[in-house]
Amino acid sequence: MPEDDKNRRKYRLAFLLRDLGEGGAERSALRLANGLARDGQDVAVLLFAAKGPLLAAVASEVRVVDLRGSFFSLLTYLRSFPVDFLLPVYTSMRALLARLFLRVPFHVVLSQRNMFTMDRGPLQTRVRFLRCRLLYPMASACVCISRGVAEEIKSLKLVEPEKIRVIYNPVVTDELAAQMEAPLDHPWFREEEGAAVVLGVGRLGSQKDFATSIRAFALLAPRYPELRFLILGEGRQRTVLEKIVREENLANRVSLPGYVSNPYPYMKRAALFVMTSRFEGFGNVAAEALACGCPVVATDCKSGPAEILDNGKYGWLAKTGDAANVARLMEEALKHPMSREELKRRAAFFSERRAVEEYERLFDDLMFHK
């Protein structure tokens with residue numbers, strides 16, 4: 001057994017999620033859970049609903065527990081199977097209430113995955129702030145997935161500054177490397193078509209602002225007849241986006257086929273990846289595109305893309321909501337693409353291994369350096 005394996009401390013960990021749906025937060029949490037389990041940690045994934053397309057991606061070393069929507073079931077589980085660390089993902093209030101009600105000692109490590117003041121309406125944000133102000137101080141730590149998110153949390157004074165730590169999402173995994181090699185049967189990627197495909201991936205909602213992507217593409221389309229735009233994802237704005245496609249007379253050149261469980265073969269083969277989010281916590285898909293060697297144009301929104309692209313060193317940063325600026329940078333990226341190998345090297349910074357080691361360091365600090 002390698003020396004570092006013998007010296008590594010083992011912990012009982014439980015991730016708490018609503019379900020294993022198709023979101024980036026769920027995907028990142030599962031990658032982390034799988035990575036920690038493969039590293040020898042005792043890992044359970046507690047789900048209020050044991051459903052979602054990512055269930056099939058749970059590693060064999062990870063236990064899946066169906067709480068059947070019951071907070072009481074969560075309390076029962078934590079009494080029966082004590083944990084060292086409870087890691088909620090979009091379930092922070094329930095995790096902290098469990099810590100309040102139970103006499104069993106364990107650490108709650110929060111995960112702040114988006115801009116606190118931007119991902120909900122003003123009234124919802126205010127109510128949420130008051131709840132968090134009451135319960136967040138009970139947490140042992142708050143992991144923020146980007147420096148921008150951490151700066152906002154510090155400014156809101158929801159937790160003590162010394163409890164805040166930045167750990168980037170795990171993106172590069174062995175599974176991703178294998179998944180990008182999967183066969184891809186789409187007419188736009190066939191050589192005889194002679195098409196160059198611009199790709200977007202994400203939920204069809206206001207945060208991702210695919211309307212700006214489509215309008216930017218519309219500005220380029222007349223000069224680049226071989227260009228196509230493929231958007232993988234599903235959401236409430238589908239009807240709005242399809243209307244914009246029709247208004248721009250792009251029905252034959254823009255396609256919204258829906259959610260795809262494995263977008264990485266598309267990323268590997270695309271000429272360009274475009275992300276025009278209004279805000280992000282991190283922006284997993286931009287880092288995933290880099291990992292597939294695909295050049296990236298992303299909006300310089302709060303927060304994440306600038307950190308992923310190292311302030312434009314590994315991609316192009318556009319103005320948020322500015323279709324003309326996005327179009328100009330898309331054209332520049334298509335004319336002068338960056339080295340795919342260099343982009344992959346940058347993506348390696350956001351590896352599963354790195355995230356696992358940083359979480360294990362955090363666990364050690366909380367257990368032994370109080």
# chains A, B, ... in the order shown; residues from 1 in each chain; ligands from 1
>>> residues_around(residues="Leu176 (chain A)", least_positions_apart="5", cutoff="10 Å", atoms="only C-alpha atoms", output="short mmCIF file (atom, residue, chain, number, x, y, z; two decimals) with N, CA and C atoms, in the first residue's frame")
data_model
loop_
_atom_site.label_atom_id
_atom_site.label_comp_id
_atom_site.auth_asym_id
_atom_site.auth_seq_id
_atom_site.Cartn_x
_atom_site.Cartn_y
_atom_site.Cartn_z
N VAL A 171 -14.03 18.66 -12.53
CA VAL A 171 -14.51 18.58 -13.91
C VAL A 171 -13.83 17.44 -14.66
N GLU A 181 -15.16 10.15 -26.06
CA GLU A 181 -14.83 9.28 -27.19
C GLU A 181 -16.02 8.49 -27.71
N ASN A 262 -24.89 12.80 -22.31
CA ASN A 262 -23.45 12.85 -22.55
C ASN A 262 -23.14 13.90 -23.63
N PRO A 263 -22.87 15.14 -23.23
CA PRO A 263 -22.60 16.19 -24.22
C PRO A 263 -21.15 16.22 -24.70
N TYR A 264 -20.29 15.37 -24.12
CA TYR A 264 -18.85 15.52 -24.37
C TYR A 264 -18.40 15.15 -25.78
N PRO A 265 -19.00 14.16 -26.44
CA PRO A 265 -18.63 13.95 -27.85
C PRO A 265 -18.95 15.18 -28.72
N GLU A 288 -15.73 22.00 -18.86
CA GLU A 288 -15.88 20.72 -19.55
C GLU A 288 -15.51 20.86 -21.03
N ALA A 291 -11.88 20.83 -21.34
CA ALA A 291 -11.38 19.47 -21.14
C ALA A 291 -11.51 18.63 -22.41
N CYS A 292 -12.49 18.99 -23.25
CA CYS A 292 -12.68 18.29 -24.53
C CYS A 292 -11.88 18.95 -25.65
#
>>> closest_atom_pairs(of="region 93-171 of chain A", to="region 86-89 of chain A", cutoff="8 Å", atoms="only C-alpha atoms", output="tab-separated table")
residue	atom	partner	partner_atom	distance
A:Ala95	CA	A:Pro88	CA	6.3
A:Phe106	CA	A:Leu86	CA	7.1
A:His107	CA	A:Leu86	CA	6.2
A:Val108	CA	A:Leu86	CA	4.9
A:Val109	CA	A:Leu87	CA	5.1
A:Leu110	CA	A:Pro88	CA	6.1
A:Ser111	CA	A:Val89	CA	6.2
>>> closest_atom_pairs(of="region 167-213 of chain A", to="region 230-245 of chain A", cutoff="6 Å", atoms="only C-alpha atoms", output="CSV")
residue,atom,partner,partner_atom,distance
A:Leu199,CA,A:Leu230,CA,5.0
A:Gly200,CA,A:Ile231,CA,4.6
A:Val201,CA,A:Leu232,CA,4.7
A:Gly202,CA,A:Gly233,CA,5.0
A:Arg203,CA,A:Gly233,CA,5.1
A:Leu204,CA,A:Gly235,CA,4.2
A:Gly205,CA,A:Gln237,CA,5.4
>>> atom_distance(atom1="CA of Ala139 (chain A)", atom2="CA of Pro305 (chain A)")
27.8 Å
>>> select_by_dssp(residues="region 106-199 of chain A", states="strand (DSSP E)", output="MDAnalysis selection string")
chainID A and resid 107:112 141:144 164:166 196:199
>>> write_last_selection(atoms="N, CA and C atoms", output="tab-separated table (two decimals), in the first residue's frame")
chain	number	residue	atom	x	y	z
A	107	HIS	N	-20.19	17.50	11.54
A	107	HIS	CA	-19.94	18.78	10.89
A	107	HIS	C	-20.86	18.93	9.68
A	108	VAL	N	-21.42	20.10	9.50
A	108	VAL	CA	-22.13	20.43	8.26
A	108	VAL	C	-21.22	21.33	7.43
A	109	VAL	N	-20.90	20.88	6.22
A	109	VAL	CA	-20.07	21.66	5.30
A	109	VAL	C	-20.97	22.15	4.17
A	110	LEU	N	-21.27	23.43	4.20
A	110	LEU	CA	-22.14	24.01	3.18
A	110	LEU	C	-21.42	24.10	1.84
A	111	SER	N	-22.20	24.15	0.78
A	111	SER	CA	-21.65	24.32	-0.57
A	111	SER	C	-22.41	25.46	-1.25
A	112	GLN	N	-21.76	26.60	-1.38
A	112	GLN	CA	-22.38	27.75	-2.04
A	112	GLN	C	-22.06	27.67	-3.52
A	141	ALA	N	-18.16	24.88	8.01
A	141	ALA	CA	-17.43	25.49	6.89
A	141	ALA	C	-18.41	25.76	5.76
A	142	CYS	N	-18.02	26.68	4.89
A	142	CYS	CA	-18.79	26.99	3.69
A	142	CYS	C	-17.84	26.96	2.50
A	143	VAL	N	-18.01	25.96	1.65
A	143	VAL	CA	-17.18	25.83	0.45
A	143	VAL	C	-17.84	26.60	-0.69
A	144	CYS	N	-17.11	27.53	-1.26
A	144	CYS	CA	-17.60	28.29	-2.42
A	144	CYS	C	-16.88	27.78	-3.66
A	164	ILE	N	-14.89	30.20	5.37
A	164	ILE	CA	-15.09	30.18	3.91
A	164	ILE	C	-13.85	29.63	3.22
A	165	ARG	N	-14.08	28.70	2.30
A	165	ARG	CA	-12.97	28.15	1.53
A	165	ARG	C	-13.41	28.01	0.08
A	166	VAL	N	-12.50	28.32	-0.85
A	166	VAL	CA	-12.78	28.16	-2.28
A	166	VAL	C	-12.23	26.82	-2.74
A	196	ALA	N	-19.54	23.61	-39.74
A	196	ALA	CA	-18.80	23.94	-38.51
A	196	ALA	C	-19.86	24.21	-37.45
A	197	VAL	N	-19.77	23.49	-36.33
A	197	VAL	CA	-20.84	23.56	-35.33
A	197	VAL	C	-20.41	24.39	-34.12
A	198	VAL	N	-21.23	25.38	-33.81
A	198	VAL	CA	-21.10	26.12	-32.56
A	198	VAL	C	-22.03	25.43	-31.57
A	199	LEU	N	-21.55	25.22	-30.35
A	199	LEU	CA	-22.29	24.44	-29.38
A	199	LEU	C	-22.61	25.26	-28.13
>>> residues_around(residues="region 209-224 of chain A", least_positions_apart="3", cutoff="7 Å", atoms="only C-alpha atoms", output="MDAnalysis selection string")
chainID A and resid 205:206 227 241 248 276:278 321:324 326:327
>>> write_last_selection(atoms="C-alpha atoms", output="mmCIF file, in the first residue's frame")
data_model
loop_
_atom_site.group_PDB
_atom_site.id
_atom_site.type_symbol
_atom_site.label_atom_id
_atom_site.label_comp_id
_atom_site.auth_asym_id
_atom_site.auth_seq_id
_atom_site.Cartn_x
_atom_site.Cartn_y
_atom_site.Cartn_z
ATOM 1 C CA GLY A 205 -33.706 29.354 -18.481
ATOM 2 C CA SER A 206 -33.164 33.062 -18.016
ATOM 3 C CA LEU A 227 -21.959 27.518 -39.579
ATOM 4 C CA LEU A 241 -35.958 30.615 -27.910
ATOM 5 C CA GLU A 248 -34.125 35.316 -37.321
ATOM 6 C CA THR A 276 -23.724 33.665 -22.546
ATOM 7 C CA SER A 277 -24.912 33.317 -18.946
ATOM 8 C CA ARG A 278 -26.149 36.370 -17.042
ATOM 9 C CA GLY A 321 -26.185 40.506 -22.756
ATOM 10 C CA ASP A 322 -24.297 42.096 -25.680
ATOM 11 C CA ALA A 323 -25.021 40.022 -28.804
ATOM 12 C CA ALA A 324 -22.802 42.163 -31.048
ATOM 13 C CA VAL A 326 -20.421 38.014 -28.432
ATOM 14 C CA ALA A 327 -20.634 37.731 -32.239
#
>>> closest_residue(among="A:Leu309, A:Ala49, A:Val297, A:Ala57", to="Glu331 (chain A)", atoms="only C-alpha atoms")
A:Val297
>>> closest_atom_pairs(of="region 97-207 of chain A", to="region 355-361 of chain A", cutoff="9 Å", atoms="only C-alpha atoms", output="Markdown table")
| residue | atom | partner | partner_atom | distance |
| --- | --- | --- | --- | --- |
| A:Ile167 | CA | A:Ala355 | CA | 6.5 |
| A:Tyr168 | CA | A:Ala355 | CA | 6.7 |
| A:Asn169 | CA | A:Ala355 | CA | 6.7 |
| A:Pro170 | CA | A:Ala355 | CA | 5.6 |
>>> write_last_selection(atoms="N, CA and C atoms", output="PDB file, in the first residue's frame")
ATOM      1  N   ILE A 167     -13.098  25.972  -3.259  1.00  0.00           N
ATOM      2  CA  ILE A 167     -12.676  24.714  -3.896  1.00  0.00           C
ATOM      3  C   ILE A 167     -13.442  24.610  -5.213  1.00  0.00           C
ATOM      4  N   TYR A 168     -12.701  24.617  -6.305  1.00  0.00           N
ATOM      5  CA  TYR A 168     -13.344  24.537  -7.623  1.00  0.00           C
ATOM      6  C   TYR A 168     -13.990  23.171  -7.841  1.00  0.00           C
ATOM      7  N   ASN A 169     -15.031  23.164  -8.661  1.00  0.00           N
ATOM      8  CA  ASN A 169     -15.724  21.925  -8.978  1.00  0.00           C
ATOM      9  C   ASN A 169     -14.787  20.929  -9.657  1.00  0.00           C
ATOM     10  N   PRO A 170     -14.981  19.630  -9.365  1.00  0.00           N
ATOM     11  CA  PRO A 170     -14.242  18.603 -10.118  1.00  0.00           C
ATOM     12  C   PRO A 170     -14.838  18.460 -11.516  1.00  0.00           C
TER      13      PRO A 170
END
>>> atom_distance(atom1="CA of Ala59 (chain A)", atom2="CA of Ser261 (chain A)")
16.7 Å
>>> closest_residue(among="A:Leu102, A:Leu30, A:Leu329, A:Leu96", to="Leu75 (chain A)", atoms="only C-alpha atoms")
A:Leu102
